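**Q** Got a file for you: upload_38.cif, mmCIF, C-alpha atoms and all ligand atoms.
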```cif
data_input
loop_
_atom_site.label_atom_id
_atom_site.label_comp_id
_atom_site.auth_asym_id
_atom_site.auth_seq_id
_atom_site.Cartn_x
_atom_site.Cartn_y
_atom_site.Cartn_z
CA MET M 200 133.88 93.65 72.66
CA ASN M 201 131.64 93.78 69.58
CA ARG M 202 132.26 91.04 67.08
CA ARG M 203 133.81 92.45 63.91
CA ALA M 204 132.70 91.57 60.39
CA LEU M 205 134.18 92.50 57.03
CA ILE M 206 131.83 92.52 54.02
CA THR M 207 133.08 92.71 50.44
CA GLY M 208 130.28 93.86 48.12
CA ILE M 209 128.62 95.89 50.89
CA THR M 210 127.18 98.34 48.32
CA GLY M 211 125.24 95.53 46.59
CA GLN M 212 121.79 94.13 47.34
CA ASP M 213 122.94 91.42 49.77
CA GLY M 214 125.73 93.48 51.29
CA SER M 215 123.29 96.20 52.33
CA TYR M 216 120.87 93.76 53.99
CA LEU M 217 123.72 91.86 55.64
CA ALA M 218 125.21 95.09 57.01
CA GLU M 219 121.80 96.00 58.49
CA PHE M 220 121.41 92.50 59.95
CA LEU M 221 124.87 92.48 61.57
CA LEU M 222 124.55 96.03 62.93
CA ASN M 223 121.26 94.97 64.52
CA LYS M 224 123.13 92.06 66.13
CA GLY M 225 125.68 94.46 67.64
CA TYR M 226 128.56 93.78 65.25
CA GLU M 227 131.15 96.33 64.22
CA VAL M 228 130.82 96.21 60.43
CA HIS M 229 133.54 97.05 57.93
CA GLY M 230 132.78 97.22 54.23
CA ILE M 231 134.96 97.42 51.16
CA ILE M 232 133.77 99.90 48.54
CA ARG M 233 135.15 100.65 45.10
CA ARG M 234 136.33 104.09 44.14
CA ALA M 235 133.96 105.41 41.45
CA SER M 236 133.49 108.80 39.82
CA SER M 237 129.96 109.01 41.19
CA PHE M 238 128.42 107.79 44.45
CA ASN M 239 127.77 104.04 44.57
CA THR M 240 126.62 103.79 48.18
CA GLY M 241 122.87 104.41 47.66
CA ARG M 242 121.88 101.10 49.30
CA ILE M 243 123.80 101.80 52.52
CA ASP M 244 123.57 105.59 52.88
CA HIS M 245 120.81 105.16 55.48
CA LEU M 246 123.26 103.18 57.64
CA TYR M 247 126.24 105.47 57.34
CA ILE M 248 127.17 108.01 60.00
CA ASP M 249 130.36 109.96 60.49
CA PRO M 250 132.84 107.42 61.94
CA HIS M 251 133.85 109.99 64.57
CA THR M 252 130.32 109.91 66.03
CA PRO M 253 130.19 108.01 69.34
CA GLY M 254 128.43 104.71 68.72
CA ALA M 255 129.40 104.50 65.06
CA ARG M 256 129.88 100.85 64.11
CA LEU M 257 129.94 100.98 60.32
CA PHE M 258 133.25 101.73 58.62
CA LEU M 259 133.88 101.86 54.87
CA HIS M 260 137.25 101.32 53.19
CA TYR M 261 138.28 101.71 49.56
CA GLY M 262 139.46 98.47 48.03
CA ASP M 263 138.95 96.08 45.16
CA LEU M 264 139.01 92.30 44.75
CA LEU M 265 141.46 92.90 41.90
CA ASP M 266 144.01 94.37 44.34
CA GLY M 267 145.51 91.66 46.55
CA THR M 268 147.95 93.96 48.32
CA ARG M 269 145.15 96.21 49.46
CA LEU M 270 143.09 93.22 50.64
CA MET M 271 146.06 92.01 52.66
CA SER M 272 146.54 95.38 54.39
CA LEU M 273 142.82 95.81 55.08
CA LEU M 274 142.50 92.34 56.60
CA SER M 275 145.57 92.93 58.73
CA GLN M 276 144.27 96.33 59.93
CA ILE M 277 140.66 95.24 60.60
CA ALA M 278 141.38 91.70 61.93
CA PRO M 279 137.76 90.60 61.45
CA ASP M 280 136.10 87.68 63.22
CA GLU M 281 133.96 86.99 60.15
CA VAL M 282 134.53 87.75 56.46
CA TYR M 283 131.62 87.69 54.02
CA ASN M 284 132.82 87.63 50.42
CA LEU M 285 129.84 88.98 48.48
CA ALA M 286 131.71 91.08 45.90
CA ALA M 287 131.63 89.83 42.32
CA GLN M 288 130.75 90.70 38.76
CA THR M 289 127.29 89.24 39.28
CA HIS M 290 125.47 89.57 35.95
CA VAL M 291 125.34 86.32 34.00
CA ARG M 292 124.61 87.91 30.59
CA VAL M 293 127.40 90.46 31.09
CA SER M 294 129.84 87.65 31.96
CA PHE M 295 129.62 86.50 28.33
CA ASP M 296 130.73 89.99 27.24
CA GLU M 297 133.42 90.31 29.92
CA PRO M 298 134.63 86.77 30.64
CA GLU M 299 138.14 87.80 31.62
CA HIS M 300 137.04 90.55 34.02
CA THR M 301 134.41 88.22 35.50
CA SER M 302 137.00 85.49 36.08
CA GLU M 303 139.42 87.98 37.68
CA THR M 304 136.82 89.37 40.07
CA THR M 305 134.40 86.55 40.75
CA GLY M 306 136.97 83.75 40.58
CA LEU M 307 140.47 84.98 41.41
CA GLY M 308 139.15 87.68 43.77
CA THR M 309 138.10 84.92 46.15
CA ILE M 310 141.52 83.29 46.25
CA ARG M 311 143.16 86.66 46.86
CA LEU M 312 141.05 87.00 50.00
CA LEU M 313 141.59 83.40 51.14
CA GLU M 314 145.32 83.63 50.59
CA ALA M 315 145.52 86.91 52.52
CA ILE M 316 143.68 85.29 55.45
CA ARG M 317 146.00 82.29 55.34
CA GLN M 318 149.21 84.28 55.06
CA LEU M 319 148.22 86.63 57.88
CA GLY M 320 147.27 83.66 60.06
CA LEU M 321 143.93 85.32 60.89
CA ASP M 322 141.57 83.45 63.16
CA CYS M 323 138.38 84.26 61.25
CA ARG M 324 135.43 82.55 59.61
CA PHE M 325 134.92 83.00 55.88
CA TYR M 326 131.66 82.98 53.90
CA GLN M 327 131.78 82.56 50.11
CA ALA M 328 128.76 83.68 48.06
CA SER M 329 128.40 80.63 45.85
CA SER M 330 125.57 80.33 43.38
CA SER M 331 122.95 77.99 41.93
CA GLU M 332 124.41 79.03 38.55
CA MET M 333 127.13 76.44 39.28
CA PHE M 334 124.49 73.71 38.75
CA GLY M 335 123.69 75.09 35.30
CA SER M 336 122.18 72.29 33.26
CA SER M 337 122.01 69.67 36.04
CA PRO M 338 118.33 68.80 36.39
CA PRO M 339 116.33 70.02 39.42
CA PRO M 340 115.87 69.76 42.31
CA GLN M 341 119.48 70.68 43.06
CA ASN M 342 121.13 70.18 46.46
CA GLU M 343 124.65 70.05 47.90
CA ASP M 344 125.30 66.67 46.18
CA THR M 345 124.11 67.63 42.69
CA PRO M 346 126.89 67.58 40.05
CA PHE M 347 127.95 70.98 38.77
CA HIS M 348 127.61 71.92 35.11
CA PRO M 349 127.98 75.71 34.78
CA ARG M 350 126.75 77.40 31.60
CA SER M 351 128.42 80.82 31.70
CA PRO M 352 131.75 82.48 32.50
CA TYR M 353 130.04 83.68 35.69
CA GLY M 354 129.07 80.14 36.70
CA ILE M 355 132.58 78.87 35.93
CA ALA M 356 134.21 81.65 37.96
CA LYS M 357 131.87 80.89 40.89
CA LEU M 358 132.84 77.23 40.66
CA TYR M 359 136.53 78.16 40.88
CA ALA M 360 135.74 80.22 43.98
CA TYR M 361 133.64 77.39 45.44
CA TRP M 362 136.45 74.86 45.12
CA SER M 363 139.02 77.36 46.39
CA THR M 364 136.88 77.84 49.49
CA ARG M 365 136.64 74.07 50.04
CA ASN M 366 140.34 73.61 49.35
CA TYR M 367 141.38 76.18 51.98
CA ARG M 368 139.17 74.33 54.46
CA GLU M 369 140.63 70.92 53.61
CA ALA M 370 144.24 71.99 53.09
CA TYR M 371 144.71 74.54 55.88
CA GLY M 372 141.86 73.83 58.28
CA LEU M 373 140.35 77.30 57.82
CA PHE M 374 136.69 77.82 58.79
CA THR M 375 135.43 78.47 55.26
CA VAL M 376 131.87 77.86 54.04
CA ASN M 377 130.03 78.03 50.74
CA GLY M 378 126.47 79.28 50.75
CA ILE M 379 125.02 77.98 47.48
CA LEU M 380 122.22 80.47 47.12
CA PHE M 381 119.42 80.35 44.61
CA ASN M 382 118.06 83.62 43.22
CA HIS M 383 116.96 86.06 45.89
CA GLU M 384 115.44 89.40 45.19
CA SER M 385 114.14 92.56 46.86
CA PRO M 386 113.34 96.20 46.15
CA ARG M 387 117.13 96.74 46.29
CA ARG M 388 117.81 94.28 43.45
CA GLY M 389 119.85 95.78 40.60
CA GLU M 390 117.57 97.13 37.84
CA THR M 391 119.00 94.86 35.11
CA PHE M 392 118.16 91.55 36.82
CA VAL M 393 114.93 90.12 35.50
CA THR M 394 112.70 90.47 38.58
CA ARG M 395 113.50 94.12 39.23
CA LYS M 396 113.41 94.90 35.52
CA ILE M 397 109.86 93.53 35.47
CA THR M 398 108.57 95.15 38.68
CA ARG M 399 110.09 98.49 37.69
CA ALA M 400 108.58 98.24 34.20
CA ALA M 401 105.15 97.37 35.62
CA ALA M 402 105.31 100.43 37.89
CA ARG M 403 106.51 102.75 35.11
CA ILE M 404 103.99 101.51 32.53
CA HIS M 405 101.23 101.82 35.13
CA ALA M 406 102.34 105.43 35.76
CA GLY M 407 102.32 106.17 32.01
CA LEU M 408 106.09 106.70 31.89
CA ASP M 409 106.89 103.78 29.55
CA GLN M 410 104.93 101.92 26.87
CA HIS M 411 106.84 98.63 26.59
CA VAL M 412 109.51 96.46 28.13
CA TYR M 413 111.86 94.29 26.08
CA MET M 414 112.67 90.81 27.43
CA GLY M 415 114.70 87.73 26.49
CA ASN M 416 113.87 84.10 27.34
CA ILE M 417 110.71 84.24 29.42
CA GLU M 418 110.41 80.43 29.66
CA ALA M 419 113.38 80.21 32.07
CA VAL M 420 112.43 78.93 35.53
CA ARG M 421 113.99 80.27 38.73
CA ASP M 422 113.56 79.64 42.45
CA TRP M 423 113.07 83.19 43.72
CA GLY M 424 113.37 84.01 47.43
CA TYR M 425 113.51 87.21 49.48
CA ALA M 426 117.03 88.59 50.06
CA PRO M 427 116.70 89.66 53.75
CA GLU M 428 115.90 86.06 54.69
CA TYR M 429 118.92 84.77 52.78
CA VAL M 430 121.45 87.06 54.50
CA GLU M 431 120.33 85.60 57.83
CA GLY M 432 121.16 82.18 56.36
CA MET M 433 124.69 83.40 55.55
CA TRP M 434 125.20 84.46 59.14
CA ARG M 435 123.82 81.16 60.47
CA MET M 436 126.35 79.24 58.38
CA LEU M 437 129.20 81.06 60.12
CA GLN M 438 127.73 80.36 63.59
CA ALA M 439 127.70 76.57 63.06
CA ASP M 440 130.06 74.36 65.08
CA ALA M 441 131.92 73.17 61.97
CA PRO M 442 132.37 74.60 58.46
CA ASP M 443 130.22 73.09 55.71
CA ASP M 444 128.41 74.01 52.47
CA TYR M 445 124.67 74.70 52.28
CA VAL M 446 122.00 75.36 49.66
CA LEU M 447 119.50 78.15 50.42
CA ALA M 448 116.32 78.12 48.30
CA THR M 449 112.53 78.16 48.58
CA GLY M 450 112.06 74.85 46.72
CA ILE M 451 109.48 76.31 44.32
CA GLY M 452 110.12 77.34 40.72
CA TYR M 453 108.32 80.00 38.67
CA SER M 454 108.95 80.96 35.06
CA VAL M 455 109.81 84.50 34.02
CA ARG M 456 106.46 84.44 32.17
CA GLU M 457 104.65 83.69 35.47
CA PHE M 458 106.58 86.44 37.24
CA LEU M 459 105.52 88.89 34.50
CA ALA M 460 101.88 87.90 34.90
CA LEU M 461 101.99 88.29 38.70
CA ALA M 462 103.68 91.69 38.53
CA PHE M 463 101.51 93.28 35.84
CA THR M 464 98.31 91.86 37.32
CA HIS M 465 99.25 93.52 40.61
CA VAL M 466 98.95 96.95 38.95
CA GLY M 467 95.86 95.92 36.95
CA LEU M 468 97.59 95.43 33.58
CA ASP M 469 97.65 92.59 31.04
CA TRP M 470 101.40 91.86 30.59
CA GLU M 471 101.01 90.50 27.06
CA ARG M 472 100.12 93.97 25.76
CA TYR M 473 103.37 95.52 26.99
CA VAL M 474 106.12 92.89 26.75
CA ARG M 475 108.24 92.63 23.58
CA PHE M 476 111.08 90.31 22.65
CA ASP M 477 114.66 91.44 22.07
CA GLU M 478 117.27 88.79 21.30
CA ARG M 479 119.98 90.88 22.91
CA TYR M 480 118.75 89.59 26.29
CA LEU M 481 119.31 85.96 25.31
CA ARG M 482 122.41 84.17 26.58
CA PRO M 483 124.72 82.07 24.36
CA ALA M 484 124.04 79.19 26.76
CA GLU M 485 121.03 79.33 29.09
CA VAL M 486 120.27 77.82 32.47
CA ASN M 487 116.70 76.69 31.88
CA THR M 488 115.52 75.55 35.29
CA VAL M 489 116.94 75.82 38.78
CA ILE M 490 114.89 74.77 41.80
CA GLY M 491 116.71 74.19 45.06
CA ASP M 492 116.38 71.67 47.85
CA ALA M 493 117.39 73.44 51.09
CA SER M 494 116.62 70.51 53.44
CA LYS M 495 120.16 70.48 54.83
CA ALA M 496 120.02 74.16 55.87
CA LYS M 497 116.60 73.60 57.40
CA VAL M 498 117.75 70.65 59.51
CA SER M 499 121.27 71.84 60.42
CA LEU M 500 120.81 75.61 60.64
CA GLY M 501 117.08 75.94 61.39
CA TRP M 502 116.79 78.15 58.29
CA LYS M 503 113.44 78.22 56.51
CA PRO M 504 112.30 80.95 54.11
CA GLN M 505 108.83 82.43 54.61
CA VAL M 506 108.40 84.59 51.50
CA GLN M 507 107.42 82.86 48.25
CA ALA M 508 107.38 84.41 44.78
CA PRO M 509 103.79 85.83 44.81
CA GLN M 510 104.48 87.79 48.02
CA LEU M 511 107.92 88.78 46.75
CA VAL M 512 106.33 90.22 43.60
CA ARG M 513 103.93 92.28 45.71
CA ILE M 514 106.76 93.62 47.88
CA MET M 515 108.81 94.60 44.84
CA VAL M 516 106.03 96.10 42.71
CA GLU M 517 104.70 98.14 45.62
CA ALA M 518 108.20 99.45 46.37
CA ASP M 519 108.68 100.50 42.73
CA VAL M 520 105.25 102.17 42.62
CA ARG M 521 106.05 104.01 45.86
CA ALA M 522 109.49 105.08 44.59
CA LEU M 523 107.83 106.72 41.58
CA GLU M 524 105.30 108.46 43.83
CA LEU M 525 108.21 109.83 45.86
CA GLY M 526 109.74 111.18 42.65
CA GLY M 527 112.71 108.84 42.31
CA SER M 528 113.41 105.38 41.05
CA GLY M 529 115.57 104.23 43.97
CA PRO M 530 114.63 101.60 46.52
CA VAL M 531 112.43 102.68 49.42
CA ASP M 532 112.95 99.93 52.00
CA ARG M 533 115.44 101.65 54.25
CA PRO M 534 114.40 100.97 57.83
CA GLU M 535 115.90 102.87 60.73
CA LEU M 536 117.90 100.63 63.02
CA PRO M 537 116.82 100.59 66.66
CA GLY M 538 119.39 102.41 68.80
CA TRP M 539 121.31 103.58 65.72
CA PRO M 540 122.25 107.29 65.61
CA LYS M 541 120.20 109.29 63.10
CA THR M 542 121.82 110.05 59.75
CA SER M 543 121.74 113.58 58.42
CA GLY M 544 120.89 112.62 54.83
P1 LIG R 601 125.19 92.88 43.47
O1 LIG R 601 125.48 92.87 42.03
O2 LIG R 601 124.00 93.63 43.97
O3 LIG R 601 126.48 93.43 44.28
C1 LIG R 601 127.78 93.09 43.90
C2 LIG R 601 128.75 93.82 44.78
O4 LIG R 601 130.09 93.48 44.40
C3 LIG R 601 128.66 95.35 44.71
O5 LIG R 601 128.87 95.89 45.99
C4 LIG R 601 129.84 95.70 43.80
O6 LIG R 601 130.33 97.00 43.98
C5 LIG R 601 130.85 94.68 44.30
N1 LIG R 601 131.97 94.49 43.38
C6 LIG R 601 131.92 94.15 42.07
N2 LIG R 601 133.18 94.03 41.58
C7 LIG R 601 134.02 94.28 42.59
C8 LIG R 601 135.43 94.32 42.72
N3 LIG R 601 136.24 94.06 41.69
N4 LIG R 601 135.97 94.62 43.92
C9 LIG R 601 135.17 94.90 44.98
N5 LIG R 601 133.83 94.91 44.93
C10 LIG R 601 133.27 94.59 43.75
O7 LIG R 601 125.11 91.35 43.95
P2 LIG R 601 124.16 90.65 45.04
O8 LIG R 601 124.15 91.47 46.27
O9 LIG R 601 122.89 90.26 44.40
O10 LIG R 601 124.95 89.29 45.31
C11 LIG R 601 125.93 89.18 46.34
C12 LIG R 601 126.82 87.98 46.06
O11 LIG R 601 126.02 86.79 46.06
C13 LIG R 601 127.50 88.01 44.70
O12 LIG R 601 128.77 87.42 44.83
C14 LIG R 601 126.61 87.16 43.81
O13 LIG R 601 127.35 86.61 42.76
C15 LIG R 601 126.17 86.11 44.81
N6 LIG R 601 124.89 85.51 44.55
C16 LIG R 601 123.77 86.28 44.40
C17 LIG R 601 122.55 85.72 44.23
C18 LIG R 601 121.31 86.56 44.06
O14 LIG R 601 120.27 85.99 43.65
N7 LIG R 601 121.33 87.84 44.39
C19 LIG R 601 122.38 84.24 44.21
C20 LIG R 601 123.62 83.52 44.39
C21 LIG R 601 124.82 84.14 44.57
P3 LIG R 601 129.71 98.28 43.16
O15 LIG R 601 128.47 98.68 43.92
O16 LIG R 601 130.81 99.26 43.22
O17 LIG R 601 129.39 97.78 41.78
P1 LIG R 602 120.28 84.91 36.81
O1 LIG R 602 119.35 86.20 36.97
O2 LIG R 602 120.89 84.83 35.48
O3 LIG R 602 119.44 83.74 37.27
O4 LIG R 602 121.43 85.23 37.86
P2 LIG R 602 118.66 87.18 35.92
O5 LIG R 602 117.60 87.88 36.70
O6 LIG R 602 119.64 88.00 35.19
O7 LIG R 602 117.98 86.17 34.86
C1 LIG R 602 117.02 85.21 35.26
C2 LIG R 602 116.44 84.55 34.00
O8 LIG R 602 115.64 85.50 33.31
C3 LIG R 602 115.92 85.41 31.92
N1 LIG R 602 115.58 86.68 31.25
C4 LIG R 602 116.18 87.86 31.49
N2 LIG R 602 117.18 88.21 32.34
C5 LIG R 602 117.55 89.51 32.37
N3 LIG R 602 118.51 89.90 33.24
N4 LIG R 602 117.00 90.46 31.55
C6 LIG R 602 116.00 90.14 30.66
O9 LIG R 602 115.49 90.99 29.94
C7 LIG R 602 115.56 88.78 30.63
N5 LIG R 602 114.61 88.13 29.93
C8 LIG R 602 114.62 86.85 30.32
C9 LIG R 602 117.39 85.06 31.87
O10 LIG R 602 117.75 84.53 30.59
C10 LIG R 602 117.49 84.06 33.01
O11 LIG R 602 117.14 82.79 32.56
C11 LIG R 602 121.13 85.76 39.13
C12 LIG R 602 122.31 86.65 39.57
O12 LIG R 602 121.96 87.32 40.75
C13 LIG R 602 123.54 85.82 39.82
O13 LIG R 602 124.57 86.65 40.37
C14 LIG R 602 123.18 84.71 40.81
O14 LIG R 602 124.29 83.88 41.09
C15 LIG R 602 122.03 83.86 40.27
O15 LIG R 602 120.92 84.72 40.06
C16 LIG R 602 121.62 82.77 41.23
#
```
Show me, as structure tokens, the structure contained in the file I just sent.
Ligand code: NDP
Ligand code: GDR
**A**
Amino acid sequence: MNRRALITGITGQDGSYLAEFLLNKGYEVHGIIRRASSFNTGRIDHLYIDPHTPGARLFLHYGDLLDGTRLMSLLSQIAPDEVYNLAAQTHVRVSFDEPEHTSETTGLGTIRLLEAIRQLGLDCRFYQASSSEMFGSSPPPQNEDTPFHPRSPYGIAKLYAYWSTRNYREAYGLFTVNGILFNHESPRRGETFVTRKITRAAARIHAGLDQHVYMGNIEAVRDWGYAPEYVEGMWRMLQADAPDDYVLATGIGYSVREFLALAFTHVGLDWERYVRFDERYLRPAEVNTVIGDASKAKVSLGWKPQVQAPQLVRIMVEADVRALELGGSGPVDRPELPGWPKTSG
């Protein structure tokens, strides 16, 4: 029997890489997608085949973290061995505009899932996508013992979800883990997060399609890793003998300014000629510096990231340049899975 995984947020950056990773490991993968008036499955279309096809192991279901009844019926129907809760309103700046929606999705959404698992009595392992944003203004380096001090409605909602995940472990003995992940990026990163905004702008300005890019606080420092390596870390956490919480990070910080310089230099441009300031990208409260210490994951899970920011920038800029050459702006890293039936589109 294939092991069965359920991924919320499968249409997002991490969900798409995790689905690929688990399919490669032989899992049957179920994903929850939101009903939208236009297609929102661009990151996983290369994985999808008609579920009637022999060998199909990816199944998509409509659902929403706001709808507890639906989550309950899906969990009961699928009976997964592993649940990865990646769905959330993930944009920190937007969380200041939509604090209530962010709390409902990113915070309460997690407890809806945990409570459904508990009430159904499911024997499954649960991964919660926790975030370095929970550390907020606590000085770096941050690890599993660093005090939390979130600085946004997003960070606060993630903290609620973090403690809910720990509480269901302590109160009910469920196998629940928090992966406290620092920023991780890829060619599939959403276009409004700072790294992808920069690599896309560098590619478009280089191609003569844009003249400028408008940025907010470029002095902020982040610990940027490569998303495919981080989804493997999520899986490793659920294979451990006992549930625990782990930081995943590279341990090296770069400023947004440094990221800009690396990206524009890669296409032969001087970033200072093209970057302009717009206060609309500032946050009412900022997280200035996050740099993680992932020693625990290295020792206990054997997880160690290979890709550092300079290589990450190259991967992302080259993907955005290539996407423009192919006539679109979508991501281009869509590998075929070995032994996976060919898709028609
Ligand atoms: P994305 O923004 O790329 O993806 C978010 C996913 O959540 C999408 O599939 C989105 O669906 C789905 N979603 C949003 N709201 C709901 C809802 N109400 N019900 C069901 N699904 C919903 O995020 P990432 O892949 O980058 O991140 C994955 C998780 O990891 C998130 O929880 C994020 O907060 C967390 N995280 C991410 C880090 C990073 O650096 N990437 C670092 C630390 C934590 P749709 O496509 O329809 O919008
Ligand atoms: P972050 O990522 O807030 O760390 O959250 P983001 O890329 O949005 O911002 C990183 C830093 O860059 C500064 N910045 C800008 N940010 C954006 N988006 N747009 C700009 O124009 C801009 N200019 C400067 C920001 O102020 C910030 O300091 C991400 C998300 O993936 C979360 O879901 C996740 O939990 C954390 O990473 C870890």
**Q** Report as a PDB file with C-alpha atoms, in the coordinates of the input all protein, DNA and RNA residues lying within 7 Å of region 252-269 of chain M, evaluated on all atoms listed in the file, omitting residues in the same chain fewer than 4 positions from it.
**A**
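Result saved to around.pdb:
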```pdb
ATOM      1  CA  GLU M 227     131.150  96.330  64.220  1.00  0.00           C
ATOM      2  CA  VAL M 228     130.820  96.210  60.430  1.00  0.00           C
ATOM      3  CA  HIS M 229     133.540  97.050  57.930  1.00  0.00           C
ATOM      4  CA  GLY M 230     132.780  97.220  54.230  1.00  0.00           C
ATOM      5  CA  ILE M 231     134.960  97.420  51.160  1.00  0.00           C
ATOM      6  CA  ILE M 232     133.770  99.900  48.540  1.00  0.00           C
ATOM      7  CA  ARG M 233     135.150 100.650  45.100  1.00  0.00           C
ATOM      8  CA  ARG M 234     136.330 104.090  44.140  1.00  0.00           C
ATOM      9  CA  TYR M 247     126.240 105.470  57.340  1.00  0.00           C
ATOM     10  CA  ILE M 248     127.170 108.010  60.000  1.00  0.00           C
ATOM     11  CA  LEU M 273     142.820  95.810  55.080  1.00  0.00           C
ATOM     12  CA  GLU M 303     139.420  87.980  37.680  1.00  0.00           C
ATOM     13  CA  THR M 304     136.820  89.370  40.070  1.00  0.00           C
ATOM     14  CA  GLY M 308     139.150  87.680  43.770  1.00  0.00           C
ATOM     15  CA  ARG M 311     143.160  86.660  46.860  1.00  0.00           C
TER      16      ARG M 311
END
```
**Q** Can you tell me which residues sit at most 8 Å away from ligand LIG 601 (chain R), counting all atoms listed in the file, written as number ranges by chain?
**A** M: 207-215, 231-235, 239-240, 262-265, 284-290, 303-305, 308, 327-332, 357, 379-384, 387-389, 423, 426
**Q** Go through chain M residue by residue and, counting only C-alpha atoms and all ligand atoms, keep those with an atom at most 7 Å from ligand LIG 602 (chain R); for each kept residue give the shortest atom pair and its distance in Å to one decimal, ordered by chain and increasing number, as a Markdown table.
**A**
```
| residue | atom | partner | partner_atom | distance |
| --- | --- | --- | --- | --- |
| M:Thr289 | CA | R:LIG602 | O13 | 3.9 |
| M:His290 | CA | R:LIG602 | O13 | 5.4 |
| M:Val291 | CA | R:LIG602 | O2 | 4.9 |
| M:Arg292 | CA | R:LIG602 | O6 | 6.8 |
| M:Ser330 | CA | R:LIG602 | O14 | 4.4 |
| M:Ser331 | CA | R:LIG602 | C16 | 5.0 |
| M:Glu332 | CA | R:LIG602 | C16 | 5.4 |
| M:Leu380 | CA | R:LIG602 | C16 | 6.4 |
| M:Phe381 | CA | R:LIG602 | C16 | 4.7 |
| M:Asn382 | CA | R:LIG602 | C16 | 4.2 |
| M:Thr391 | CA | R:LIG602 | N3 | 5.3 |
| M:Phe392 | CA | R:LIG602 | O5 | 3.7 |
| M:Val393 | CA | R:LIG602 | O5 | 3.7 |
| M:Thr394 | CA | R:LIG602 | O5 | 5.9 |
| M:Lys396 | CA | R:LIG602 | N4 | 7.0 |
| M:Tyr413 | CA | R:LIG602 | O9 | 6.2 |
| M:Met414 | CA | R:LIG602 | O9 | 3.8 |
| M:Gly415 | CA | R:LIG602 | N5 | 3.5 |
| M:Asn416 | CA | R:LIG602 | C8 | 4.1 |
| M:Ile417 | CA | R:LIG602 | C8 | 4.8 |
| M:Ala419 | CA | R:LIG602 | O11 | 4.6 |
| M:Val420 | CA | R:LIG602 | O11 | 6.8 |
| M:Arg421 | CA | R:LIG602 | O3 | 6.6 |
| M:Val455 | CA | R:LIG602 | O8 | 6.0 |
| M:Tyr480 | CA | R:LIG602 | O9 | 5.1 |
| M:Leu481 | CA | R:LIG602 | O10 | 5.7 |
| M:Arg482 | CA | R:LIG602 | O10 | 6.2 |
| M:Glu485 | CA | R:LIG602 | O11 | 6.3 |
| M:Val486 | CA | R:LIG602 | O11 | 5.9 |
| M:Asn487 | CA | R:LIG602 | O11 | 6.2 |
```
**Q** Mind checking which residues fall within 9 Å of Gly335 (chain M), counting all atoms listed in the file, ignoring those fewer than 6 positions away in the same chain, and posting them as a list in words?
**A**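 Skipping anything fewer than 6 positions along the chain leaves Phe347, His348, Pro349, Arg350, Ser351, Gly354, Glu485, Val486, Asn487, Thr488 and Val489 of chain M.
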**Q** Please produce a file of the residues just selected, as a compact mmCIF listing (two decimals), in the coordinates of the input, where the atoms kept are C-alpha atoms.
**A**
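Here's the written file out-v2.txt:
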```
# COMPACT_ATOMS: atom_id res chain seq x y z
CA PHE M 347 127.95 70.98 38.77
CA HIS M 348 127.61 71.92 35.11
CA PRO M 349 127.98 75.71 34.78
CA ARG M 350 126.75 77.40 31.60
CA SER M 351 128.42 80.82 31.70
CA GLY M 354 129.07 80.14 36.70
CA GLU M 485 121.03 79.33 29.09
CA VAL M 486 120.27 77.82 32.47
CA ASN M 487 116.70 76.69 31.88
CA THR M 488 115.52 75.55 35.29
CA VAL M 489 116.94 75.82 38.78
```
**Q** Go ahead and compute the interatomic distance for CA of Val376 (chain M) and CA of Ala356 (chain M), in Å to one decimal.
**A**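 So the two atoms, CA of Val376 (chain M) and CA of Ala356 (chain M), lie 16.7 Å apart.
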**Q** Just give me the residues with any atom within 12 Å of (125.1, 98.8, 63.5), file coordinates, counting only C-alpha atoms, written as number ranges by chain.
**A** M: 201-204, 215-229, 243, 245-248, 250, 254-258, 535-541
**Q** Give me, please, the distance in Å between CA of Gln505 (chain M) and CA of Val282 (chain M), quoted to one decimal.
**A**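 Result for CA of Gln505 (chain M) versus CA of Val282 (chain M): 26.3 Å, one decimal.
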**Q** Show me, as a compact mmCIF listing (two decimals) with C-alpha atoms, keeping the file's coordinate frame, the residues that have an atom within 12 Å of Leu461 (chain M) when counting all atoms listed in the file, minus same-chain residues fewer than 4 positions from it.
**A**
```txt
# COMPACT_ATOMS: atom_id res chain seq x y z
CA THR M 394 112.70 90.47 38.58
CA ILE M 397 109.86 93.53 35.47
CA THR M 398 108.57 95.15 38.68
CA ALA M 401 105.15 97.37 35.62
CA TYR M 453 108.32 80.00 38.67
CA SER M 454 108.95 80.96 35.06
CA VAL M 455 109.81 84.50 34.02
CA ARG M 456 106.46 84.44 32.17
CA GLU M 457 104.65 83.69 35.47
CA HIS M 465 99.25 93.52 40.61
CA VAL M 466 98.95 96.95 38.95
CA GLY M 467 95.86 95.92 36.95
CA LEU M 468 97.59 95.43 33.58
CA ASP M 469 97.65 92.59 31.04
CA TRP M 470 101.40 91.86 30.59
CA GLU M 471 101.01 90.50 27.06
CA ALA M 508 107.38 84.41 44.78
CA PRO M 509 103.79 85.83 44.81
CA GLN M 510 104.48 87.79 48.02
CA LEU M 511 107.92 88.78 46.75
CA VAL M 512 106.33 90.22 43.60
CA ARG M 513 103.93 92.28 45.71
CA ILE M 514 106.76 93.62 47.88
CA MET M 515 108.81 94.60 44.84
CA VAL M 516 106.03 96.10 42.71
```
**Q** Mind checking which residues fall within 12 Å of Lys497 (chain M), counting only C-alpha atoms, ignoring those fewer than 2 positions away in the same chain, and posting them as a list in words?
**A**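 The residues satisfying every condition are Gly432, Arg435, Met436, Tyr445, Val446, Leu447, Ala448, Thr449, Gly450, Asp492, Ala493, Ser494, Lys495, Ser499, Leu500, Gly501, Trp502, Lys503 and Pro504 of chain M.
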